[in-house]
Amino acid sequence: QVQPVESGGGLVQAGGSLRLSCAASGRTFSMGGMGWFRRAPGKEREFVGAIGWNNGRTYYADSMKGRFTISRDNAKNTTDLQMNSLKPEDTAVYYCAVTQVSPSFPTGWGRSGTYNYWGQGTQVTVSS
């Protein structure tokens, strides 16, 4: 079992930045990677980005490229999501997820079913 826990959510004005963190505990030696998803009010869960745990390679949804950056700290078993130039439409609950096995193809990182463990989510609200 791996338990991811998100932190860093809050209220920010449009154009501002916010940094989310996810700390994993438990059987962290078995992690293949960590991903970020979000769910806006009235919408389905959406892939934000992910990072491979061994090689640090990152993957992003096309709409997030250039504004969002994912990093990791293997020693601390954490991953961060740096969000810049935030827009009101970025308002959502952001979730961190852990996969034990890296997907075979890059598109696999964007699928919810790839991930074995999910955090409770942290609210991000962007005001206009």
# chains A, B, ... in the order shown; residues from 1 in each chain; ligands from 1

call {"tool": "residues_around", "arguments": {"residues": "A:Ser21", "least_positions_apart": "3", "cutoff": "7 Å", "atoms": "only C-alpha atoms", "output": "VMD selection string"}}
result
chain A and resid 6 to 8 78 to 81

call {"tool": "residues_around", "arguments": {"residues": "stretch 105-107 of chain A", "least_positions_apart": "5", "cutoff": "12 Å", "atoms": "only C-alpha atoms", "output": "ChimeraX atom specification"}}
result
/A:47,49-52,57-62,112-114

call {"tool": "residues_around", "arguments": {"residues": "stretch 27-32 of chain A", "least_positions_apart": "3", "cutoff": "6 Å", "atoms": "only C-alpha atoms", "output": "PyMOL selection string"}}
result
chain A and resi 1-2+53+99-102

call {"tool": "closest_residue", "arguments": {"among": "A:Gly26, A:Pro88, A:Pro41, A:Gly66", "to": "A:Gln13", "atoms": "only C-alpha atoms"}}
result
A:Pro88

call {"tool": "closest_residue", "arguments": {"among": "A:Thr125, A:Ser63, A:Ser71, A:Ser104", "to": "A:Met34", "atoms": "only C-alpha atoms"}}
result
A:Ser71

call {"tool": "select_by_dssp", "arguments": {"residues": "stretch 24-126 of chain A", "states": "strand (DSSP E or B)", "output": "short mmCIF file (atom, residue, chain, number, x, y, z; two decimals) with C-alpha atoms, in the first residue's frame"}}
result
data_model
loop_
_atom_site.label_atom_id
_atom_site.label_comp_id
_atom_site.auth_asym_id
_atom_site.auth_seq_id
_atom_site.Cartn_x
_atom_site.Cartn_y
_atom_site.Cartn_z
CA ALA A 24 3.78 9.33 -0.55
CA SER A 25 4.18 6.98 2.37
CA GLY A 26 4.07 3.22 2.76
CA GLY A 33 5.41 7.05 -11.06
CA MET A 34 3.07 9.71 -9.80
CA GLY A 35 0.38 11.56 -11.63
CA TRP A 36 -1.80 14.60 -11.13
CA PHE A 37 -5.44 14.80 -12.09
CA ARG A 38 -8.12 17.35 -11.45
CA ARG A 39 -11.89 17.51 -11.32
CA GLU A 46 -8.99 15.26 -16.16
CA PHE A 47 -5.34 14.31 -16.53
CA VAL A 48 -2.90 17.09 -15.69
CA GLY A 49 0.51 15.47 -15.85
CA ALA A 50 2.72 12.71 -14.51
CA ILE A 51 6.32 11.86 -13.75
CA GLY A 52 8.20 8.59 -13.98
CA THR A 58 7.39 14.07 -17.38
CA TYR A 59 4.16 13.86 -19.33
CA TYR A 60 1.54 16.57 -19.62
CA PHE A 68 2.34 23.49 -15.31
CA THR A 69 5.56 21.77 -14.27
CA ILE A 70 5.96 18.53 -12.34
CA SER A 71 9.04 17.62 -10.37
CA ARG A 72 9.97 14.92 -7.89
CA ASP A 73 12.22 14.32 -4.94
CA THR A 78 7.34 13.71 -2.98
CA THR A 79 6.20 15.25 -6.21
CA ASP A 80 5.34 18.88 -6.81
CA LEU A 81 3.01 20.49 -9.30
CA GLN A 82 4.00 24.07 -10.05
CA MET A 83 1.12 25.95 -11.64
CA ALA A 92 -10.79 22.19 -9.41
CA VAL A 93 -9.93 19.59 -6.86
CA TYR A 94 -6.45 18.34 -7.67
CA TYR A 95 -5.57 14.74 -6.99
CA CYS A 96 -2.25 12.98 -6.73
CA ALA A 97 -2.06 9.33 -7.74
CA VAL A 98 0.57 6.63 -7.62
CA THR A 99 1.18 3.83 -10.07
CA TYR A 117 -3.50 4.69 -5.17
CA TRP A 118 -5.17 8.06 -4.94
CA THR A 122 -6.78 19.47 -2.52
CA GLN A 123 -8.97 22.36 -3.62
CA VAL A 124 -7.58 25.02 -5.92
CA THR A 125 -9.74 28.07 -6.55
CA VAL A 126 -8.72 30.74 -9.03
#

call {"tool": "atom_distance", "arguments": {"atom1": "atom CA of A:Pro4", "atom2": "atom CA of A:Tyr115"}}
result
11.4 Å

call {"tool": "select_by_dssp", "arguments": {"residues": "stretch 1-123 of chain A", "states": "helix (DSSP H, G or I)", "output": "list in words"}}
result
Thr28, Phe29, Ser30, Asp62, Ser63, Met64, Pro88, Glu89, Asp90, Pro106, Thr107, Gly108, Trp109, Gly110, Ser112, Gly113 and Thr114 of chain A

call {"tool": "residues_around", "arguments": {"residues": "A:Arg67", "least_positions_apart": "2", "cutoff": "8 Å", "atoms": "only C-alpha atoms", "output": "ChimeraX atom specification"}}
result
/A:64-65,69,83-86

call {"tool": "write_last_selection", "arguments": {"atoms": "N, CA and C atoms", "output": "short mmCIF file (atom, residue, chain, number, x, y, z; two decimals), in the first residue's frame"}}
result
data_model
loop_
_atom_site.label_atom_id
_atom_site.label_comp_id
_atom_site.auth_asym_id
_atom_site.auth_seq_id
_atom_site.Cartn_x
_atom_site.Cartn_y
_atom_site.Cartn_z
N MET A 64 -2.06 21.73 -20.56
CA MET A 64 -1.28 22.13 -19.38
C MET A 64 0.16 22.49 -19.74
N LYS A 65 0.60 22.09 -20.91
CA LYS A 65 1.99 22.32 -21.27
C LYS A 65 2.31 23.81 -21.27
N THR A 69 4.31 22.52 -14.30
CA THR A 69 5.56 21.77 -14.27
C THR A 69 5.54 20.80 -13.10
N MET A 83 2.13 25.44 -10.71
CA MET A 83 1.12 25.95 -11.64
C MET A 83 1.28 27.47 -11.76
N ASN A 84 1.50 27.91 -12.97
CA ASN A 84 1.69 29.34 -13.25
C ASN A 84 0.59 29.85 -14.17
N SER A 85 0.46 31.16 -14.20
CA SER A 85 -0.53 31.81 -15.08
C SER A 85 -1.90 31.16 -14.92
N LEU A 86 -2.31 31.02 -13.70
CA LEU A 86 -3.56 30.32 -13.42
C LEU A 86 -4.76 31.09 -13.94
#

call {"tool": "atom_distance", "arguments": {"atom1": "atom CA of A:Pro103", "atom2": "atom CA of A:Gly56"}}
result
13.9 Å

call {"tool": "atom_distance", "arguments": {"atom1": "atom CA of A:Gln3", "atom2": "atom CA of A:Gly119"}}
result
6.9 Å
